[in-house]
Amino acid sequence: MRDVVEEERGRQEVATAAAGRRSFLRQGWSWLRLAAAGVLCYPLFSFLGYRVRRQPRRILVPKAIPLSGFIQEHDFVLFAGEHGPWAVSRICTHLGCRLNYLDKERQLVCPCHHSRFSPDGKRVDGPARRDLTVFPVEGRPAADGAGYVVII
Amino acid sequence: MSSSSDPAGWLLGARRLFLTVRWGEKSIVTLYLSVLSGAVHDMQYDPAESFYSLSTIEVLVPFGAFWRALHYYASQLFFLLALCHLVAIILTRKHVMIPHGKWVLLIGGLVTTLLLLFTGYVLRGDATGASAGVIAENILLAIPGFGRWLNELLFAVTTAAMKRVYANHLVGLGVLWLVLSWDHFRRYRVRVWLHPYFVCTLLLVSALWPAPMEPERLGLLHIAGPWFFLGLQELLRYVQPFWAGVLFPLTFIVSLCLLPARGGIGRQARAYAALWLLVYAVLSAVGFSRGLV
C-alpha cells in the first residue's frame with residue numbers, strides 16, 4: 001500500500017516537473033517571438049528615422065526693396081537696413097506655424113498662438129522661447145544691381 | 001414630481017429624447033458615406049501638391065466640391081455620432097457590462113478616429129492644415145525618448161511633406177481602427193437604405209455648403225485649428241507643448257479607459273473626466289472667441 005502511494009506521489013512529482021518545464025518552454029518561446037518582433041522593428045525605425053539632409057537653396061528675389069522696407073516671401077521676410085539686407089525665417093520657433101509681418105507694428109506675428117518677433121528675429125512676446133533663424137543674404141550681381149539671393 | 005417647466009424636468013426629457021436615438025447605427029451610416037466619398041475624392045487628390053490639388057478639386061473638377069464636402073461632413077458626423085453613442089452607453093451604464101480590455105480597445109478606436117479626422121485636416125494643405133501638421137509634429141518631438149520615432153511614424157511633415165500623413169490617413173490609421181473596433185463593429189449590420197432621410201439630408205448639405213478651406217494669405221493673423229482641438233490650441237499659448245499637447249489629453253484618455261472600473265477608481269475617473277471636459281469646454285470657448293475678434 002505504501003509502495004502504491006509512493007509510486008503515485010513520484011508520478012505526480014514527475015508530472016509537475018514536466019508541466020513546469022513545458023510552461024517554461026512556452027514562456028521562453030513567447031519571449032523569443034517578442035524579441036524577434038523587436039529585432040524586426042529595428043530596420044523599420046531605422047528606415048523611417050533617416051533624415052536626408054536638405055541641400056541649401058538659393059532663393060532669388062529679383063526686386064529692390066527700399067530702406068526700412070520689406071519683401072515677404074514664402075519662407076522668409078527680407079529686410080533692408082543701414083547695414084545691408086537680411087532675411088528672417090517665417091517659421092515660428094514655438095510650434096512651427098508660418099509668421100506674417102505686420103508693417104504697422106513692425107513685428108512678425110504668429111497666427112497660431114500669437115508669438116511676436118522683431119524684424120531682426122528677436123523674440124518679443126508670446127509662448128515662443130527662441131529667436132528666429134536669420135538667413136544670409138547676397139546682393140545679386142546684375143546689370144541694374146537690383147535683387148537679392150537668400151540662402152536657406 | 002417635477003413639472004415640464006422646471007429645469008430638472010427639461011433635463012430628464014432631454015435625456016430621454018437623447019437615449020431614443022440609435023447613435024451607433026447612425027454613426028456607421030456616416031462611416032460608410034465617409035469611406036465611399038473618401039475613396040472617390042482620392043481619385044483626384046494628389047498629396048505631392050496638396051493645396052493645389054484641393055483647390056482644383058473644389059473649383060475645376062466636376063462635382064469635386066460635392067465629393068469633398070460629403071467626405072468632410074460625413075467624417076465629422078461620424079466622430080460626433082460616435083461620441084453621442086459613447087455618451088448614451090455611459091448614461092445607460094452599459095459600459096460596465098463590457099469586459100474592461102474590450103472597453104480599452106474601443107477607447108483606442110475612438111482616439112484613432114480622432115487621428116483620422118486630424119490627418120484629414122492636415123492633408124488639406126491650406127493654412128489650417130499646414131499649421132496643424134507642424135504643430136502636431138513639434139508636440140510629438142517634445143516627447144522625450146521616443147517622440148522622434150513617433151513623429152517619423154505619424155507625421156514628419158517637415159521632412160516628408162504629406163507622405164506619412166497620407167499613408168496613415170489612407171491605410172495605417174484605418175487598419176488600426178479596424179483592429180481596435182472589429183470585435184464591436186462586426187456585430188452590427190447596418191443597412192444604409194433604411195436611413196433615407198438622414199442620408200438625403202447629408203447629401204443635400206454637401207451639395208449646398210462647401211467644405212471649409214483657408215488659403216494662405218498675406219496678413220493672416222489668426223488661424224483657428226480644428227474644432228476639436230480649439231481648447232488645446234488655447235492651452236498651448238500658456239503651457240509648454242509636452243504638458244499641454246501630450247500629458248493633458250493623455251490624462252483624459254486614461255480616465256475614459258478607467259470609467260467602467262468599480263469602486264473608488266471608477267468614481268475618481270468619472271469625476272476627473274467631467275472636470276477635464278469642463279476645463280476643455282472653457283478653453284475651447286476662449287479659443288473660439290479669438291477667431292471672432
# chains A, B, ... in the order shown; residues from 1 in each chain; ligands from 1
>>> interface_residues(of="chain A", to="chain B", cutoff="10 Å", atoms="only C-alpha atoms", output="ChimeraX atom specification")
/A:44-54,72-74,91,93-103,108-115,126-128
>>> residues_around(residues="Tyr52 in chain B", least_positions_apart="3", cutoff="12 Å", atoms="only C-alpha atoms", output="VMD selection string")
chain B and resid 44 to 49 55 to 60 123 to 126 213 215 to 216
>>> atom_distance(atom1="CA of Gly120 in chain B", atom2="CA of Leu81 in chain B")
17.8 Å
>>> select_by_dssp(residues="chain A", states="strand (DSSP E)", output="count of residues only")
39
>>> residues_around(residues="Val179 in chain B", least_positions_apart="6", cutoff="12 Å", atoms="only C-alpha atoms", output="ChimeraX atom specification")
/B:102,105-106,108-109,112,172-173,185-186
>>> atom_distance(atom1="CA of Ile143 in chain B", atom2="CA of Phe242 in chain B")
6.2 Å
>>> residues_around(residues="range 277-282 of chain B", least_positions_apart="5", cutoff="12 Å", atoms="only C-alpha atoms", output="compact mmCIF listing (two decimals) with C-alpha atoms, in the first residue's frame")
# COMPACT_ATOMS: atom_id res chain seq x y z
CA TRP B 227 -12.82 72.48 -33.75
CA PHE B 228 -11.97 69.50 -31.55
CA PHE B 229 -8.51 70.96 -30.82
CA LEU B 230 -9.51 74.56 -30.12
CA GLY B 231 -9.07 74.02 -26.41
CA LEU B 232 -5.64 72.51 -26.94
CA GLN B 233 -4.63 75.40 -29.19
CA GLU B 234 -5.62 77.82 -26.45
CA LEU B 235 -3.78 75.84 -23.77
CA ALA B 244 -0.42 70.80 -22.95
CA PHE B 248 -3.14 66.86 -20.65
CA PRO B 249 -5.06 64.90 -23.32
CA THR B 251 -4.95 62.01 -18.69
CA PHE B 252 -8.40 62.30 -20.23
CA ILE B 253 -7.91 59.16 -22.31
CA SER B 255 -9.81 58.46 -17.28
CA LEU B 256 -12.05 57.25 -20.14
CA ARG B 270 -15.71 59.81 -13.79
CA ALA B 271 -15.12 62.90 -11.69
CA TYR B 272 -11.83 63.65 -13.44
CA GLY B 287 -10.12 79.85 -28.35
CA PHE B 288 -13.24 80.15 -30.47
CA SER B 289 -13.82 83.74 -29.34
>>> residues_around(residues="Leu110 in chain B", least_positions_apart="6", cutoff="9 Å", atoms="only C-alpha atoms", output="NGL selection string")
:B and (79 or 82-83 or 177 or 181)
>>> closest_residue(among="B:Gly129, B:Gly13, B:Gly38, B:Pro144", to="Phe51 in chain B", atoms="only C-alpha atoms")
B:Gly129
>>> residues_around(residues="Ile151 in chain A", least_positions_apart="6", cutoff="6 Å", atoms="only C-alpha atoms", output="list in words")
Arg57, Arg58 and Pro136 of chain A
